[in-house]
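First up is the structure itself, then whatever we jot down about it.
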Amino acid sequence: MNRILPVLTILLAIVVIWYAASVWMNAPWQTRLNERADLANVPFTEFVAQTWAQDKPVLPSPHQVAGEIWNATIALEPTSKRSLAYHGWITLSATLLGFAFGTSLGVLLAVAIIHNDASDRSLMPWIIASQTVPIVAVAPMLVVGLNAVGLTGLVPKALISMYLSFFPVVVGMVKGLRSPEGIQLDLLRTYDATPWQAFWKLRWPAAMPFLFASMKVGIAISLVGAIVAELSNTAGGGLGVRLLTGSVNGQTVQIWAALFIAAGLAAVLVAVVGRAEHMVNRRTGVRA
Amino acid sequence: MLQLYLALIAGGCGLLGLAASLPTLGAAPLMQIFFAVSTLSLLRLVLPWPFWLDGVLAALGAWALIASLPAEGLMPLHHWLALIASWAFAWLFVERLAAAIRAGKLPETGTGLVIPLIFGLALIVIWEVVTRGASVSPVLLPAPSAIATRFAASTGILWADFVQTFIKSVIPGYIIGCIAGLLVAIAVDRSPFLKAGIMPIGNFMSALPIIGIAPIMVMWFGFDWQSKAAVVVAMTFFPMLVNTVAGLNAASAIERDLMSTYAASYRQTLMKLRLPAAGPFIFNALKINSTLALIGAIVAEFFGTPVVGMGFRISTGVGRLAIDLVWAEIAVAAIAGSAFYGVIALIERGVTFWHPSVRGGRA
C-alpha cells in the first residue's frame with residue numbers, strides 16, 4: 001500500500017499536467033480556427049473542450065489517445081490493416097524471434113568466453129565496441145541486403161533485435177558464469193567432477209539471476225530494435241510503420257496510440273520475463 | 001587439445017593447398033611459399049615451434065591472399081585453403097599468446113592489446129577476401145577496401161554529416177539530458193514520497209521504446225537539429241535519473257552518521273560524501289547514454305531532416321544503393337561512438353580512481 005499511493009499520485013500529476021499542456025499547446029491553432037469561423041468570445045470551458053478534441057492536435061489529450069487505442073484494437077477486426085493489434089503482433093513476433101536469437105547467441109558467446117582465455121581476450125573488446133555502432137544505422141541496409149538474397153519479412157527485423165539484445169546477455173552471463181567462488185570450484189574438483197558437470201551443476205545455476213536481469217534489459221531493447229527496423233521496410237507493417245505513416249500524414253493521435261501500445265508491449269514482455277524469473281527462482285530454492 | 005586440432009587444420013590445409021597449386025607452379029610464388037611453410041609447420045608435432053612463427057605465418061598468408069585476389073570472378077580452391085590455414089594460424093597464435101600471458105611469461109600491458117587487434121584485423125582480412133574472392137555483390141556487402149576509398153573520397157560530406165548529427169544534435173542533447181536527470185534525481189532524493197512515486201515510473205520508462213517519440217519531436221521542434229537534440233534529451237534522462245537515485249543511496253549509513261557527527265549540512269554531505277559515492281553509478285549512466293544518444297539522433301533523422309546528417313545520408317544512400325557510402329557513414333558513426341565512450345571511460349578512471357573496478361585495472 002505504501003508503494004501504490006506515491007505512484008498513483010505521480011501518475012495523477014502526469015495526467016493533469018498532460019491535460020494542461022494539451023490546452024496550452026493546442027490553443028494557438030484553436031484560436032486561429034475560431035477566428036476563421038468568426039467565433040468571437042468563446043467561453044473558456046468550451047475553448048478548453050475544443051482544444052481537447054482537435055482533429056490533428058499538437059498534443060492530443062489523454063482521452064483522445066485512449067479512444068484511438070480502443071478504436072484501433074477492440075473495435076476493429078484484428079486482421080484489419082488499420083488495427084493496432086495486427087501491427088502489434090507483427091512487431092511482437094519479430095521481437096520474440098530476435099530475442100530468442102540474441103539470448104542464445106549471448107549465452108553461447110559467454111560460454112566460449114569463460115572457457116577459453118584467447119576468446120575472452122579477443123572477443124570481449126569487440127563485443128563492447130559492437131554496441132557503440134549505432135545499429136539503427138545498419139538497419140535499413142540489412143533490410144535491403146537481405147531482401148537481395150531473398151530473406152524478407154520477419155528475419156531482417158529479428159536480426160536487428162538480436163544485435164541489440166545479445167550484448168546485455170553476454171555481459172551478464174560472463175559475470176554470472178564466473179560468479180561461483182574458487183572454493184566452490186575446488187570442491188567440485190575434489191568430487192572429481194568433469195568440466196561438463198561443473199558447468200551444469202554449479203556455473204549455470206549460479207548464473208541464473210544474472211541471466212534474468214540481462215534478459216529483462218534484452219527484451220526491452222529487442223522491441224526497440226524491431227520498431228526501428230520497421231522504419232526502413234514500410235510495406236511490412238508493424239508499430240514502427242504506424243509511427244512513420246502517422247508522422248508523414250500528421251496523424252498525431254495515431255502516433256501516440258502506437259507509442260502507448262509499444263509501451264504496453266514492453267511492460268508486458270518485461271513482466272513475463274520477471275514471472276519466469278520468479279518461477280525459476282522458486283524451483284532452485286531462492287527465497288523472496 | 002584445441003591447439004592440436006588447430007595445428008592439424010593449418011598444416012593440413014597447407015599440404016592440400018600445396019598439392020592443389022602444383023599444376024600452376026610459379027604463378028603465385030608468395031602463395032606457394034606460404035603453403036610450403038605451412039606444411040613444414042606440421043613439424044611442430046616433433047620439434048619445438050615458437051609461437052611467434054604462427055603469427056608470422058598468419059600475416060604471410062593474409063598478405064599472399066590479398067596480393068593474389070582475382071580482379072573478377074571466383075577465386076580458385078586453393079585460395080580458400082590458404083584462407084582457412086591463415087585463419088587457423090592466427091587463432092593458434094592468439095591462443096598461445098594468451099596462454100603465455102596467463103603463465104606470466106609476457107607482460108599484460110601492451111601484449112594484452114595485441115590479441116583484440118589481431119582479431120579485428122583477421123575479421124577485416126576475411127571480409128575483404130570473401131567479398132572479393134566470392135564476388136559478393138557490392139550492393140549486399142562492399143569490400144573494406146572499397147569502403148575505405150569511398151571514405152577517403154567523400155570526407156567533405158562525411159564531415160558535414162558528422163557536424164550536423166554529432167556536434168549539433170548529440171552533444172547538446174546529451175548534456176541537457178544528463179544534467180536534467182542528475183538534478184531531478186537530487187531533488188527527488190530529498191523527498192521519500194516523491195522517490196517512492198518516481199522510481200517505479202522511472203524504471204518503467206527506461207524500459208520503454210522512448211525512441212518512438214522521435215516523430216512527435218520532429219513535429220514539435222521542426223526538421224533541424226533541435227528536434228534531434230530533444231529526442232536525445234528524452235532518451236538520456238531516465239537512465240541518468242534511475243542510476244543517480246540508486247547511486248545516492250550507495251553511501252552507507254555509517255558514513256552518513258559520521259557526516260552528521262561532524263554537524264555537516266545537507267549540502268556538505270551531498271557534495272563531499274553522497275555525490276562522490278554515486279560516481280560509479282553516474283558514470284555507468286553516462287556510458288549507457290553515450291551510445292543511446294547517437295542512436296536517438298540517427299533514428300530521429302529518419303523522420304525528417306534538412307538534407308544533411310548521418311541518418312539522412314544512410315536512409316537516402318540505401319535508397320540509391322550507394323552502399324559503400326552508407327558503410328563509410330557507419331564507420332564514422334562507429335568511430336564517433338567508440339571515441340565518445342572512450343572519453344567518458346577515461347574521465348571515469350580519473351574521477352572514480354578509488355573504486356575497486358577501476359583499481360583492478362580492467363574497467
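Simple scheme: letters A, B, ... for chains in C-alpha cells order, numbers from 1 for residues in each chain, numbers from 1 for ligands in the order shown.
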**OP:** Dump as an NGL selection string the residues of chain A that approach chain B to within 8 Å, counting only C-alpha atoms.
**Re:** :A and (3-10 or 58 or 117-118 or 121-123 or 125-126 or 129 or 131-138 or 140-141 or 144-146 or 148 or 217 or 220-221 or 223-224 or 228 or 231-232 or 240 or 243-244 or 247 or 252 or 255 or 259 or 262-263 or 266-267)
**OP:** Give me the residues within 7 Å of stretch 25-27 of chain A as a VMD selection string, counting only C-alpha atoms and dropping any in the same chain fewer than 6 places off.
**Re:** chain A and resid 51 57 to 59
**OP:** Tell me which protein, DNA and RNA residues are within 9 Å of A:Phe47, counting only C-alpha atoms, leaving out same-chain ones fewer than 6 positions away, and put them as a PyMOL selection string.
**Re:** chain A and resi 23+27+30-31
Original post:
Expressed in Å to a single decimal, how great is the separation between atom CA of B:Thr352 and atom CA of B:Val184?
Top reply: 22.2 Å
**OP:** Can you work out the spacing between atom CA of A:Gln64 and atom CA of A:Trp256 in Å, to one decimal?
**Re:** 9.5 Å
**OP:** Show which residues sit within 9 Å of stretch 174-186 of chain A, as a PyMOL selection string. Count only C-alpha atoms, and ignore same-chain residues fewer than 5 positions away.
**Re:** chain A and resi 107+109-111+113-114+169+191+198-199+202-211
Original post:
If you run DSSP on this backbone, which residues of stretch 12-217 of chain A come out as helix (DSSP H, G or I), and could you give them as a PyMOL selection string?
Top reply: chain A and resi 12-36+44-51+62-73+84-115+117-130+135-148+154-177+182-190+195-217
**OP:** Give me the residues within 10 Å of B:Leu60 as an NGL selection string, counting only C-alpha atoms and dropping any in the same chain fewer than 3 places off.
**Re:** :B and (30-31 or 33-34 or 37 or 54-57 or 63-65 or 86)
Subject >> Selection near stretch 175-177 of chain B, 7 Å with only C-alpha atoms, sequence-local residues under 4 positions removed, as JSON, numbers by chain >> reply: {"B": [171, 181, 233, 234, 236, 237]}
Could the residues in this selection be written to a file with N, CA and C atoms, as an mmCIF file, in the first residue's frame?
```cif
data_model
loop_
_atom_site.group_PDB
_atom_site.id
_atom_site.type_symbol
_atom_site.label_atom_id
_atom_site.label_comp_id
_atom_site.auth_asym_id
_atom_site.auth_seq_id
_atom_site.Cartn_x
_atom_site.Cartn_y
_atom_site.Cartn_z
ATOM 1 N N ILE B 171 25.580 16.162 -28.848
ATOM 2 C CA ILE B 171 26.272 16.756 -27.699
ATOM 3 C C ILE B 171 25.332 17.634 -26.859
ATOM 4 N N GLY B 181 18.628 14.898 -15.702
ATOM 5 C CA GLY B 181 18.428 13.668 -14.942
ATOM 6 C C GLY B 181 19.090 13.741 -13.579
ATOM 7 N N VAL B 233 17.600 14.178 -25.447
ATOM 8 C CA VAL B 233 17.324 14.558 -24.057
ATOM 9 C C VAL B 233 16.388 13.535 -23.423
ATOM 10 N N ALA B 234 15.298 13.202 -24.134
ATOM 11 C CA ALA B 234 14.318 12.273 -23.566
ATOM 12 C C ALA B 234 14.923 10.896 -23.347
ATOM 13 N N THR B 236 18.151 10.138 -22.785
ATOM 14 C CA THR B 236 19.224 10.060 -21.798
ATOM 15 C C THR B 236 18.735 10.377 -20.390
ATOM 16 N N PHE B 237 17.545 10.997 -20.289
ATOM 17 C CA PHE B 237 17.087 11.481 -18.990
ATOM 18 C C PHE B 237 16.850 10.335 -17.998
#
```
